[in-house]
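Q: Quick one, target-v9.tsv (TSV, C-alpha atoms and all ligand atoms):
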```
chain	number	residue	atom	x	y	z
A	234	MET	CA	-0.81	133.61	-39.54
A	235	LEU	CA	-2.52	136.88	-38.54
A	236	ALA	CA	-3.80	138.00	-41.93
A	237	GLY	CA	-6.73	140.40	-41.59
A	238	LYS	CA	-6.37	140.59	-37.79
A	239	ARG	CA	-6.16	143.89	-36.02
A	240	ILE	CA	-4.36	144.18	-32.68
A	241	LEU	CA	-4.76	147.12	-30.34
A	242	LEU	CA	-1.38	147.21	-28.60
A	243	ILE	CA	-1.27	149.13	-25.32
A	244	ILE	CA	2.31	149.90	-24.40
A	245	GLY	CA	2.84	150.51	-20.68
A	246	GLY	CA	5.66	152.49	-19.11
A	247	GLY	CA	8.45	150.09	-18.28
A	248	ILE	CA	11.93	149.37	-19.55
A	249	ALA	CA	10.48	146.39	-21.49
A	250	ALA	CA	8.58	148.88	-23.69
A	251	TYR	CA	11.44	148.65	-26.19
A	252	LYS	CA	10.45	145.02	-26.80
A	253	ALA	CA	6.95	146.21	-27.73
A	254	LEU	CA	8.49	147.87	-30.79
A	255	ASP	CA	9.83	144.51	-31.92
A	256	LEU	CA	6.42	142.98	-31.18
A	257	ILE	CA	4.86	145.50	-33.58
A	258	ARG	CA	7.28	144.35	-36.30
A	259	GLN	CA	6.60	140.71	-35.62
A	260	ILE	CA	2.82	141.09	-35.69
A	261	ARG	CA	3.05	142.96	-38.99
A	262	ARG	CA	5.39	140.36	-40.44
A	263	ALA	CA	2.77	137.74	-39.49
A	264	GLY	CA	0.21	139.67	-41.55
A	265	GLY	CA	-1.57	141.54	-38.76
A	266	THR	CA	-2.27	145.24	-38.27
A	267	VAL	CA	-1.17	147.00	-35.08
A	268	VAL	CA	-2.77	150.11	-33.63
A	269	PRO	CA	-0.44	151.32	-30.87
A	270	VAL	CA	-1.59	153.13	-27.74
A	271	LEU	CA	1.06	154.63	-25.49
A	272	THR	CA	0.57	155.54	-21.85
A	273	HIS	CA	2.26	158.76	-20.73
A	274	ALA	CA	4.80	156.68	-18.82
A	275	ALA	CA	5.53	154.61	-21.94
A	276	GLU	CA	6.60	157.77	-23.73
A	277	GLU	CA	9.51	157.99	-21.29
A	278	PHE	CA	10.83	154.74	-22.78
A	279	VAL	CA	9.79	154.75	-26.44
A	280	THR	CA	8.68	157.57	-28.69
A	281	PRO	CA	5.26	157.76	-30.36
A	282	LEU	CA	7.08	158.35	-33.61
A	283	SER	CA	8.95	155.03	-33.49
A	284	ALA	CA	5.74	153.12	-32.61
A	285	SER	CA	3.87	154.89	-35.39
A	286	ALA	CA	6.63	154.34	-37.96
A	287	LEU	CA	6.89	150.63	-37.20
A	288	ALA	CA	3.12	150.12	-37.14
A	289	ALA	CA	2.49	152.39	-40.14
A	290	GLU	CA	-0.56	153.53	-38.18
A	291	LYS	CA	-1.53	156.53	-36.12
A	292	VAL	CA	-0.50	156.23	-32.46
A	293	TYR	CA	-3.12	157.05	-29.84
A	294	ARG	CA	-1.94	158.74	-26.66
A	295	ASP	CA	-4.55	160.90	-25.02
A	296	LEU	CA	-8.13	160.44	-23.93
A	297	PHE	CA	-8.87	164.09	-24.45
A	298	ASP	CA	-7.42	164.40	-27.90
A	299	LEU	CA	-10.48	165.84	-29.59
A	300	THR	CA	-9.21	165.18	-33.10
A	301	ASP	CA	-9.18	161.49	-32.28
A	302	GLU	CA	-12.67	161.68	-30.78
A	303	ALA	CA	-13.89	163.27	-34.03
A	304	GLU	CA	-12.16	160.58	-36.09
A	305	MET	CA	-12.78	157.61	-33.88
A	306	GLY	CA	-14.12	157.65	-30.32
A	307	HIS	CA	-12.39	155.66	-27.60
A	308	ILE	CA	-15.29	153.21	-27.47
A	309	GLU	CA	-14.95	152.47	-31.17
A	310	LEU	CA	-11.16	152.30	-30.90
A	311	SER	CA	-11.48	149.68	-28.16
A	312	ARG	CA	-13.83	147.57	-30.25
A	313	SER	CA	-12.41	147.85	-33.73
A	314	ALA	CA	-9.63	145.42	-32.84
A	315	ASP	CA	-9.79	141.62	-32.83
A	316	LEU	CA	-7.65	141.48	-29.70
A	317	VAL	CA	-6.27	143.92	-27.14
A	318	VAL	CA	-2.68	143.27	-26.06
A	319	VAL	CA	-1.01	145.03	-23.14
A	320	ALA	CA	2.79	144.81	-23.38
A	321	PRO	CA	4.47	145.61	-21.13
A	322	ALA	CA	1.71	145.33	-18.53
A	323	THR	CA	3.18	147.21	-15.59
A	324	ALA	CA	2.12	146.63	-11.96
A	325	ASP	CA	0.25	149.94	-12.17
A	326	LEU	CA	-1.65	149.02	-15.35
A	327	MET	CA	-2.57	145.64	-13.88
A	328	ALA	CA	-3.85	147.35	-10.72
A	329	LYS	CA	-5.92	149.75	-12.78
A	330	MET	CA	-7.38	146.90	-14.82
A	331	ALA	CA	-8.18	144.81	-11.76
A	332	ASN	CA	-9.91	147.72	-10.06
A	333	GLY	CA	-11.72	149.15	-13.05
A	334	HIS	CA	-9.97	152.52	-13.26
A	335	ALA	CA	-10.56	154.56	-16.38
A	336	ASN	CA	-8.51	157.70	-15.89
A	337	ASP	CA	-6.39	157.71	-19.03
A	338	LEU	CA	-6.73	156.46	-22.59
A	339	ALA	CA	-5.20	153.00	-21.98
A	340	SER	CA	-7.28	152.17	-18.90
A	341	THR	CA	-10.44	153.56	-20.52
A	342	LEU	CA	-9.93	151.40	-23.62
A	343	LEU	CA	-9.42	148.37	-21.39
A	344	MET	CA	-12.71	149.10	-19.61
A	345	ALA	CA	-14.64	149.81	-22.80
A	346	THR	CA	-13.49	146.91	-24.93
A	347	ASP	CA	-15.70	143.95	-25.73
A	348	LYS	CA	-12.72	141.96	-27.01
A	349	ARG	CA	-10.37	139.58	-25.30
A	350	VAL	CA	-7.39	141.09	-23.53
A	351	LEU	CA	-3.92	139.52	-23.36
A	352	ILE	CA	-1.38	140.96	-20.94
A	353	ALA	CA	2.39	140.48	-20.91
A	354	PRO	CA	3.46	141.62	-17.44
A	355	ALA	CA	6.87	143.16	-16.85
A	356	MET	CA	8.13	144.42	-13.52
A	357	ASN	CA	10.71	144.00	-10.79
A	358	VAL	CA	10.60	140.57	-9.11
A	359	ARG	CA	9.51	142.02	-5.74
A	360	MET	CA	6.74	143.97	-7.42
A	361	TRP	CA	5.57	140.82	-9.22
A	362	GLN	CA	5.58	138.79	-6.02
A	363	HIS	CA	3.91	141.52	-3.95
A	364	PRO	CA	0.56	140.32	-2.55
A	365	ALA	CA	-1.18	143.29	-4.18
A	366	THR	CA	0.05	142.29	-7.66
A	367	GLN	CA	-0.80	138.64	-7.04
A	368	ARG	CA	-4.28	139.69	-5.84
A	369	ASN	CA	-4.73	141.78	-8.97
A	370	LEU	CA	-3.51	138.88	-11.11
A	371	ALA	CA	-6.10	136.57	-9.53
A	372	THR	CA	-8.82	139.16	-10.22
A	373	LEU	CA	-7.71	139.55	-13.83
A	374	HIS	CA	-7.69	135.79	-14.24
A	375	LYS	CA	-11.28	135.68	-12.94
A	376	ASP	CA	-12.15	138.47	-15.38
A	377	ASP	CA	-11.01	136.24	-18.24
A	378	VAL	CA	-7.87	138.23	-19.05
A	379	LEU	CA	-5.23	136.13	-20.82
A	380	LEU	CA	-1.64	136.00	-19.64
A	381	ALA	CA	1.67	135.71	-21.50
A	382	GLY	CA	4.60	135.32	-19.10
A	383	PRO	CA	6.30	136.80	-17.22
A	384	GLU	CA	9.58	134.91	-17.53
A	385	GLU	CA	12.18	134.24	-14.92
A	386	GLY	CA	15.61	135.75	-15.47
A	387	GLU	CA	17.95	138.61	-14.94
A	388	MET	CA	16.19	141.95	-14.88
A	389	ALA	CA	17.21	145.39	-16.07
A	390	CYS	CA	17.43	146.44	-12.41
A	391	GLY	CA	20.05	143.73	-11.73
A	392	GLU	CA	17.82	141.43	-9.66
A	393	TYR	CA	16.89	137.88	-10.66
A	394	GLY	CA	13.51	136.15	-10.64
A	395	PRO	CA	10.08	136.17	-12.32
A	396	GLY	CA	8.97	139.49	-13.77
A	397	ARG	CA	10.78	139.76	-17.10
A	398	MET	CA	8.45	140.35	-20.02
A	399	SER	CA	8.18	137.43	-22.44
A	400	GLU	CA	10.09	137.81	-25.68
A	401	PRO	CA	8.06	139.20	-28.61
A	402	ASP	CA	8.04	135.85	-30.47
A	403	GLU	CA	6.57	134.20	-27.38
A	404	ILE	CA	3.87	136.90	-27.09
A	405	LEU	CA	3.20	136.53	-30.82
A	406	SER	CA	2.51	132.82	-30.42
A	407	HIS	CA	0.02	133.60	-27.63
A	408	ILE	CA	-1.69	136.12	-29.93
A	409	ALA	CA	-1.81	133.58	-32.75
A	410	ALA	CA	-3.27	130.93	-30.42
A	411	VAL	CA	-6.10	133.24	-29.32
A	412	LEU	CA	-6.92	134.36	-32.86
A	413	ARG	CA	-6.49	130.98	-34.54
A	414	ASP	CA	-9.50	129.94	-36.62
A	415	GLY	CA	-11.41	127.11	-35.00
A	416	PRO	CA	-14.02	124.63	-36.23
A	417	LEU	CA	-16.75	127.18	-35.46
A	418	SER	CA	-15.09	130.10	-37.28
A	419	GLY	CA	-17.70	131.94	-39.31
A	420	LYS	CA	-20.55	130.39	-37.30
A	421	HIS	CA	-22.93	132.33	-35.11
A	422	VAL	CA	-24.09	130.61	-31.93
A	423	LEU	CA	-26.67	132.00	-29.53
A	424	VAL	CA	-26.56	131.06	-25.84
A	425	THR	CA	-29.13	131.93	-23.17
A	426	SER	CA	-27.95	131.80	-19.59
A	427	GLY	CA	-28.71	132.60	-15.96
A	428	PRO	CA	-32.00	132.98	-14.15
A	429	THR	CA	-34.75	135.43	-15.01
A	430	HIS	CA	-36.21	137.89	-12.52
A	431	GLU	CA	-39.96	138.34	-12.65
A	432	PRO	CA	-41.08	141.47	-10.77
A	433	ILE	CA	-43.70	141.39	-8.03
A	434	ASP	CA	-43.42	145.14	-7.52
A	435	PRO	CA	-40.61	147.63	-8.23
A	436	VAL	CA	-38.43	146.24	-5.41
A	437	ARG	CA	-39.33	142.53	-5.25
A	438	TYR	CA	-39.03	139.74	-7.75
A	439	ILE	CA	-39.29	135.99	-8.22
A	440	ALA	CA	-36.00	134.30	-9.10
A	441	ASN	CA	-34.28	130.91	-8.97
A	442	ARG	CA	-30.92	129.51	-7.87
A	443	SER	CA	-29.27	129.37	-11.29
A	444	SER	CA	-25.79	130.96	-11.13
A	445	GLY	CA	-25.32	131.13	-14.91
A	446	ALA	CA	-22.06	129.16	-14.57
A	447	GLN	CA	-22.91	126.50	-17.16
A	448	GLY	CA	-24.13	129.04	-19.73
A	449	ALA	CA	-21.06	131.26	-19.26
A	450	ALA	CA	-18.70	128.26	-19.57
A	451	LEU	CA	-20.48	127.20	-22.71
A	452	ALA	CA	-20.27	130.64	-24.30
A	453	ALA	CA	-16.52	130.72	-23.54
A	454	ALA	CA	-16.00	127.22	-25.00
A	455	LEU	CA	-17.91	128.11	-28.20
A	456	ARG	CA	-15.90	131.34	-28.48
A	457	ASP	CA	-12.66	129.35	-28.08
A	458	LEU	CA	-13.68	127.19	-31.06
A	459	GLY	CA	-13.99	130.35	-33.14
A	460	ALA	CA	-17.74	131.02	-32.99
A	461	LYS	CA	-19.28	134.47	-32.88
A	462	VAL	CA	-21.33	134.11	-29.70
A	463	SER	CA	-24.45	136.09	-28.78
A	464	PHE	CA	-24.88	135.68	-25.04
A	465	VAL	CA	-28.35	136.55	-23.76
A	466	THR	CA	-28.15	136.48	-19.99
A	467	GLY	CA	-30.46	137.06	-17.06
A	468	PRO	CA	-29.08	138.52	-13.82
A	469	ALA	CA	-26.44	135.83	-13.18
A	470	ALA	CA	-23.95	135.48	-10.33
A	471	VAL	CA	-21.17	134.48	-12.76
A	472	ALA	CA	-19.78	137.22	-15.03
A	473	ALA	CA	-20.21	136.97	-18.80
A	474	PRO	CA	-17.05	135.79	-20.57
A	475	SER	CA	-15.04	138.28	-22.60
A	476	GLY	CA	-15.05	138.20	-26.38
A	477	VAL	CA	-18.76	137.44	-26.70
A	478	ASP	CA	-21.65	139.82	-27.52
A	479	VAL	CA	-23.57	140.24	-24.27
A	480	TYR	CA	-27.29	141.05	-24.17
A	481	PRO	CA	-28.37	141.50	-20.53
A	482	VAL	CA	-32.05	140.97	-19.75
A	483	GLU	CA	-34.18	140.54	-16.62
A	484	THR	CA	-37.46	138.87	-17.49
A	485	ALA	CA	-38.45	135.93	-19.68
A	486	LYS	CA	-40.29	138.25	-22.06
A	487	GLU	CA	-37.17	140.40	-22.43
A	488	MET	CA	-35.09	137.26	-23.00
A	489	LEU	CA	-37.36	136.12	-25.83
A	490	ALA	CA	-37.19	139.57	-27.45
A	491	ALA	CA	-33.36	139.61	-27.19
A	492	VAL	CA	-33.13	136.09	-28.63
A	493	ARG	CA	-35.36	137.02	-31.57
A	494	LYS	CA	-33.21	140.08	-32.25
A	495	ALA	CA	-29.99	138.05	-32.16
A	496	LEU	CA	-31.25	135.53	-34.74
A	497	PRO	CA	-30.45	134.16	-37.28
A	498	ALA	CA	-27.88	131.81	-35.80
A	499	ASP	CA	-26.36	128.52	-36.88
A	500	ALA	CA	-26.97	127.01	-33.47
A	501	ALA	CA	-28.74	128.07	-30.29
A	502	VAL	CA	-28.22	126.69	-26.81
A	503	PHE	CA	-30.84	127.48	-24.20
A	504	ALA	CA	-29.06	127.11	-20.88
A	505	ALA	CA	-31.08	129.76	-19.04
A	506	ALA	CA	-33.28	128.79	-16.11
A	507	VAL	CA	-36.29	130.77	-17.29
A	508	ALA	CA	-39.11	131.37	-14.83
A	509	ASP	CA	-42.14	129.41	-15.98
A	510	TRP	CA	-44.52	132.04	-14.65
A	511	ARG	CA	-44.53	135.79	-14.22
A	512	VAL	CA	-46.65	137.80	-11.84
A	513	GLU	CA	-49.59	139.03	-13.88
A	514	ASN	CA	-50.70	141.59	-11.31
A	515	ALA	CA	-47.25	143.02	-10.49
A	516	ALA	CA	-47.71	146.33	-8.64
A	517	LYS	CA	-46.49	149.59	-10.16
A	518	SER	CA	-45.40	150.88	-6.72
A	519	LYS	CA	-44.07	149.05	-3.67
A	520	MET	CA	-46.68	146.86	-1.98
A	521	LYS	CA	-47.23	147.79	1.66
A	522	LYS	CA	-48.65	145.72	4.49
A	523	ASP	CA	-51.73	147.43	5.92
A	524	GLY	CA	-51.74	145.79	9.36
A	525	SER	CA	-54.86	143.77	8.59
A	526	GLY	CA	-52.90	140.51	8.36
A	527	ASN	CA	-54.12	140.01	4.76
A	528	ALA	CA	-51.31	139.00	2.41
A	529	PRO	CA	-51.61	140.12	-1.22
A	530	ALA	CA	-52.63	137.40	-3.66
A	531	LEU	CA	-50.28	137.08	-6.61
A	532	GLU	CA	-51.77	136.04	-9.91
A	533	PHE	CA	-49.50	134.19	-12.30
A	534	ALA	CA	-49.38	134.02	-16.06
A	535	GLU	CA	-47.32	131.52	-18.03
A	536	ASN	CA	-44.16	132.87	-19.61
A	537	PRO	CA	-43.38	132.19	-23.26
A	538	ASP	CA	-41.30	129.04	-23.69
A	539	ILE	CA	-38.31	130.54	-25.49
A	540	LEU	CA	-36.75	127.23	-26.48
A	541	ALA	CA	-40.01	125.80	-27.88
A	542	THR	CA	-40.80	129.07	-29.68
A	543	ILE	CA	-37.43	129.18	-31.44
A	544	ALA	CA	-37.34	125.43	-32.16
A	545	LYS	CA	-40.62	125.81	-34.04
A	546	ALA	CA	-39.85	129.19	-35.60
A	547	LYS	CA	-39.28	129.83	-39.32
A	548	LYS	CA	-35.81	131.15	-38.52
A	549	LYS	CA	-34.94	127.99	-36.53
A	550	PRO	CA	-31.19	127.57	-36.21
A	551	LYS	CA	-29.80	124.39	-37.73
A	552	LEU	CA	-29.16	123.01	-34.24
A	553	VAL	CA	-31.29	123.86	-31.22
A	554	VAL	CA	-30.14	122.58	-27.84
A	555	GLY	CA	-32.16	122.75	-24.64
A	556	PHE	CA	-31.35	121.92	-21.05
A	557	ALA	CA	-33.53	119.93	-18.72
A	558	ALA	CA	-32.98	120.25	-15.00
A	559	GLU	CA	-34.82	117.33	-13.43
A	560	THR	CA	-34.98	115.85	-9.97
A	561	ASP	CA	-36.25	112.35	-10.86
A	562	ASP	CA	-36.55	110.00	-13.87
A	563	VAL	CA	-34.10	112.29	-15.65
A	564	ILE	CA	-33.76	110.41	-18.97
A	565	GLU	CA	-37.48	109.71	-19.31
A	566	HIS	CA	-38.51	113.28	-18.59
A	567	ALA	CA	-35.77	114.77	-20.75
A	568	THR	CA	-36.61	112.52	-23.70
A	569	ALA	CA	-40.24	113.59	-23.47
A	570	LYS	CA	-39.13	117.23	-23.20
A	571	ARG	CA	-37.08	116.92	-26.40
A	572	GLN	CA	-40.20	115.76	-28.25
A	573	ARG	CA	-42.48	118.32	-26.70
A	574	LYS	CA	-40.25	121.32	-27.28
A	575	GLY	CA	-39.19	120.25	-30.77
A	576	CYS	CA	-35.47	120.81	-30.16
A	577	ASP	CA	-32.65	118.70	-31.60
A	578	TRP	CA	-30.80	117.91	-28.39
A	579	ILE	CA	-31.51	118.07	-24.69
A	580	VAL	CA	-28.75	118.27	-22.11
A	581	ALA	CA	-30.34	116.71	-19.06
A	582	ASN	CA	-29.06	116.97	-15.53
A	583	ASP	CA	-30.15	115.83	-12.10
A	584	VAL	CA	-30.48	118.86	-9.86
A	585	SER	CA	-31.78	117.02	-6.79
A	586	PRO	CA	-30.72	118.85	-3.59
A	587	GLY	CA	-28.05	116.23	-2.71
A	588	THR	CA	-26.18	116.59	-6.02
A	589	GLY	CA	-24.81	120.11	-5.39
A	590	ILE	CA	-25.16	120.77	-9.12
A	591	MET	CA	-27.41	123.83	-9.10
A	592	GLY	CA	-25.09	126.72	-8.19
A	593	GLY	CA	-22.11	124.32	-7.94
A	594	THR	CA	-19.01	123.90	-10.13
A	595	GLU	CA	-19.70	120.36	-11.40
A	596	ASN	CA	-22.35	118.86	-13.59
A	597	ALA	CA	-23.44	115.32	-14.47
A	598	VAL	CA	-25.31	115.37	-17.75
A	599	THR	CA	-27.00	113.05	-20.17
A	600	LEU	CA	-27.12	114.16	-23.79
A	601	ILE	CA	-30.39	113.22	-25.48
A	602	THR	CA	-30.30	113.28	-29.27
A	603	GLU	CA	-32.32	111.60	-32.01
A	604	HIS	CA	-30.09	108.56	-31.45
A	605	GLY	CA	-30.97	108.17	-27.78
A	606	ALA	CA	-29.36	108.97	-24.42
A	607	GLU	CA	-25.61	109.33	-23.77
A	608	VAL	CA	-24.64	109.43	-20.12
A	609	TRP	CA	-21.56	111.61	-19.51
A	610	PRO	CA	-19.48	111.15	-16.36
A	611	ARG	CA	-19.66	113.84	-13.67
A	612	MET	CA	-17.16	116.59	-14.50
A	613	GLY	CA	-16.56	120.33	-14.08
A	614	LYS	CA	-19.00	122.68	-15.82
A	615	ASP	CA	-16.06	123.92	-17.93
A	616	ALA	CA	-15.38	120.36	-19.13
A	617	VAL	CA	-19.09	119.80	-19.92
A	618	ALA	CA	-19.02	123.05	-21.88
A	619	GLU	CA	-15.94	122.04	-23.89
A	620	LYS	CA	-17.38	118.62	-24.70
A	621	LEU	CA	-20.71	120.09	-25.72
A	622	ALA	CA	-19.07	122.84	-27.80
A	623	THR	CA	-17.03	120.19	-29.64
A	624	ARG	CA	-20.18	118.21	-30.35
A	625	ILE	CA	-21.91	121.34	-31.62
A	626	ALA	CA	-18.96	122.03	-33.92
A	627	GLU	CA	-19.18	118.47	-35.30
A	628	ALA	CA	-22.93	118.80	-35.85
A	629	LEU	CA	-22.50	122.06	-37.77
A	630	SER	CA	-19.60	120.90	-39.93
B	701	LIG	O1	-39.62	123.15	-19.34
B	701	LIG	P1	-38.29	123.36	-18.72
B	701	LIG	O2	-38.17	124.67	-17.98
B	701	LIG	O3	-37.81	122.23	-17.88
B	701	LIG	O4	-37.30	123.42	-19.96
B	701	LIG	C1	-35.95	123.70	-19.83
B	701	LIG	C2	-35.39	124.18	-21.14
B	701	LIG	O5	-36.28	125.08	-21.77
B	701	LIG	C3	-34.11	124.94	-20.96
B	701	LIG	O6	-33.33	124.78	-22.12
B	701	LIG	C4	-34.61	126.38	-20.81
B	701	LIG	O7	-33.60	127.32	-21.15
B	701	LIG	C5	-35.76	126.41	-21.78
B	701	LIG	N1	-36.86	127.30	-21.40
B	701	LIG	C6	-37.09	128.41	-22.14
B	701	LIG	N2	-38.17	129.23	-21.84
B	701	LIG	C7	-38.97	128.94	-20.81
B	701	LIG	C8	-38.73	127.79	-20.04
B	701	LIG	C9	-37.66	127.00	-20.36
B	701	LIG	O8	-36.35	128.68	-23.09
B	701	LIG	N3	-39.98	129.74	-20.52
```
Show this structure as structure tokens.
Ligand code: C5P
A:
Amino acid sequence: MLAGKRILLIIGGGIAAYKALDLIRQIRRAGGTVVPVLTHAAEEFVTPLSASALAAEKVYRDLFDLTDEAEMGHIELSRSADLVVVAPATADLMAKMANGHANDLASTLLMATDKRVLIAPAMNVRMWQHPATQRNLATLHKDDVLLAGPEEGEMACGEYGPGRMSEPDEILSHIAAVLRDGPLSGKHVLVTSGPTHEPIDPVRYIANRSSGAQGAALAAALRDLGAKVSFVTGPAAVAAPSGVDVYPVETAKEMLAAVRKALPADAAVFAAAVADWRVENAAKSKMKKDGSGNAPALEFAENPDILATIAKAKKKPKLVVGFAAETDDVIEHATAKRQRKGCDWIVANDVSPGTGIMGGTENAVTLITEHGAEVWPRMGKDAVAEKLATRIAEALS
């Protein structure tokens, strides 16, 4: 079930830490490898020796252990795993994660990782229900952290309610679900997303209203089907999903360079709202008004069309998908765009001001393929992403 998979298991300091030892056994029995990391508080409940013996791996404990840094730095340790699991995730560890602390090995690994993180919370019922913990939970949810449990039941402290850590077999099934091979396993998909910023001078730029929500949802949906996703994103309002390779860029030219570097790919989806023009005479230092009433004249140059460039390139992915944000005659314009840009599919949407689509949570799209136009009902951007990811998986199979 977990053959070849490597789990970085962060054990927090709570009475449920003893269950983490059983989790190590269960992951290994399922074919996976476990690299345990103990917080200082965890060592009050379980010993490094027992974790190490059960995992048959070295246990990591201290950020400043120079031997470890020589062998494997904390950055590498955080990335060498397929999944990071925190069990038990104490209220304190959750607070650190939600607030971006990095003051010990466990919290630093959680900040440095580029992999998905699954937490199995365990704490007293009042601590679980405390507004601070619930606030942190909401933040972690927004940050794409996965959750196993907690369960309701009698607690070690004698109280009853939610807060008990899930049993190891339950956590194991969550791990298996995240790492399960999907229809896009072994495939590499490139996604561009967000707006681009084209500088006018060092402090000003030209931008657009794209939030990056559709691109981020799409990257997450492709990841969930097992794809290795390269996510090339402009300065977006929506955070990049976890578990994808993120390449942040600002300008269209930088986006094209990042896309070229990320190729080859099996499929590429160009969801970015790339600025059509850049300021050719962008100033090297901040432009100042001189009191004469004369405004500076900006000269524009056309940006490279990334989608068209890649669709016509030698290294063209098997499937190239573009987006077309239109305000009128959507199908007609999008069909023409598919021809002109040489891509396989166009996902067209009506972004007229009344639709609330640009920057909103919903999308109403029409998929244009070589077979014609398919009108999809209006739905959440997440649902559009899932449907499109499924279609991409079918096209690549
Ligand atoms: O021509 P238009 O901007 O409407 O085309 C939209 C599609 O082309 C989107 O998929 C967008 O990501 C892509 N595009 C691009 N590079 C540009 C302009 C648009 O990749 N310079």
Q: Pick from A:Arg258, A:Lys521, A:Lys551, A:Lys252: nearest to Ile625 of chain A, with only C-alpha atoms counted?
A: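 Answer, going by the shortest atom-to-atom distance: A:Lys551.
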Q: Counting only C-alpha atoms and all ligand atoms, what are the residues of chain A within 7 Å of ligand LIG 701 (chain B), and for each of them which pair of atoms is the nearest and at what distance in Å, to one decimal? Sort the table by chain and rising number, as JSON lines.
A:
```
{"residue": "A:Thr425", "atom": "CA", "partner": "B:LIG701", "partner_atom": "O7", "distance": 6.7}
{"residue": "A:Ala485", "atom": "CA", "partner": "B:LIG701", "partner_atom": "N3", "distance": 6.4}
{"residue": "A:Phe503", "atom": "CA", "partner": "B:LIG701", "partner_atom": "O7", "distance": 4.1}
{"residue": "A:Ala504", "atom": "CA", "partner": "B:LIG701", "partner_atom": "O7", "distance": 4.6}
{"residue": "A:Ala505", "atom": "CA", "partner": "B:LIG701", "partner_atom": "O7", "distance": 4.1}
{"residue": "A:Ala506", "atom": "CA", "partner": "B:LIG701", "partner_atom": "O7", "distance": 5.3}
{"residue": "A:Val507", "atom": "CA", "partner": "B:LIG701", "partner_atom": "C8", "distance": 4.7}
{"residue": "A:Ala508", "atom": "CA", "partner": "B:LIG701", "partner_atom": "N3", "distance": 6.0}
{"residue": "A:Asp509", "atom": "CA", "partner": "B:LIG701", "partner_atom": "N3", "distance": 5.0}
{"residue": "A:Asn536", "atom": "CA", "partner": "B:LIG701", "partner_atom": "N3", "distance": 5.3}
{"residue": "A:Pro537", "atom": "CA", "partner": "B:LIG701", "partner_atom": "N3", "distance": 5.0}
{"residue": "A:Asp538", "atom": "CA", "partner": "B:LIG701", "partner_atom": "N3", "distance": 3.5}
{"residue": "A:Ile539", "atom": "CA", "partner": "B:LIG701", "partner_atom": "O8", "distance": 3.6}
{"residue": "A:Leu540", "atom": "CA", "partner": "B:LIG701", "partner_atom": "O8", "distance": 3.7}
{"residue": "A:Ala541", "atom": "CA", "partner": "B:LIG701", "partner_atom": "O8", "distance": 6.7}
{"residue": "A:Val554", "atom": "CA", "partner": "B:LIG701", "partner_atom": "O6", "distance": 6.9}
{"residue": "A:Gly555", "atom": "CA", "partner": "B:LIG701", "partner_atom": "O6", "distance": 3.4}
{"residue": "A:Phe556", "atom": "CA", "partner": "B:LIG701", "partner_atom": "O6", "distance": 3.6}
{"residue": "A:Ala557", "atom": "CA", "partner": "B:LIG701", "partner_atom": "C1", "distance": 4.6}
{"residue": "A:Ala558", "atom": "CA", "partner": "B:LIG701", "partner_atom": "O3", "distance": 6.0}
```
Q: Could you check which of A:Ala440, A:Ala498, A:Ala335, A:Ala454 is closest to Lys620 of chain A, using only C-alpha atoms?
A: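 Smallest distance to Lys620 of chain A is found for A:Ala454.
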Q: Given all atoms listed in the file as the basis, pick out the residue of A:Leu412, A:Ile579, A:Leu405, A:Ala628 nearest to Arg262 of chain A.
A: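 Of all the options, A:Leu405 lies closest to Arg262 of chain A.
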Q: Write out as a list in words which residues come within 7 Å of segment 467-474 of chain A when counting all atoms listed in the file, dropping same-chain ones fewer than 4 positions away.
A: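 Final neighbour list, sorted by chain and number: Asp377, Ser426, Gly427, Pro428, Thr429, Ser444, Gly445, Ala446, Ala449, Ala453, Pro481, Val482 and Glu483 of chain A.
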Q: Hey, which of A:Cys576, A:Ala353, A:Leu417, A:Ala530 ends up closest to Val319 of chain A? Count all atoms listed in the file.
A: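 Checking each of A:Cys576, A:Ala353, A:Leu417, A:Ala530 against Val319 of chain A, counting all atoms listed in the file, the winner is A:Ala353.
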Q: By how many Å are atom CA of Gly237 of chain A and atom CA of Asp376 of chain A apart?
A: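 So the answer is 26.8 Å.
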Q: Could you tell me which of A:Asn336, A:Ser311, A:Ser399, A:Asn441 comes closest to Ala249 of chain A if we count all atoms listed in the file?
A: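 Looking only at the distances to Ala249 of chain A, the closest residue turns out to be A:Ser399.
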Q: Would you compute the distance between atom CA of Ser475 of chain A and atom CA of Lys614 of chain A? Give it in Å to one decimal.
A: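 Computing it gives 17.5 Å between the two atoms.
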Q: Mind pulling up the distance from atom CA of Arg442 of chain A to atom CA of Ala544 of chain A?
A: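 Between atom CA of Ala544 of chain A and atom CA of Arg442 of chain A the gap is 25.5 Å.
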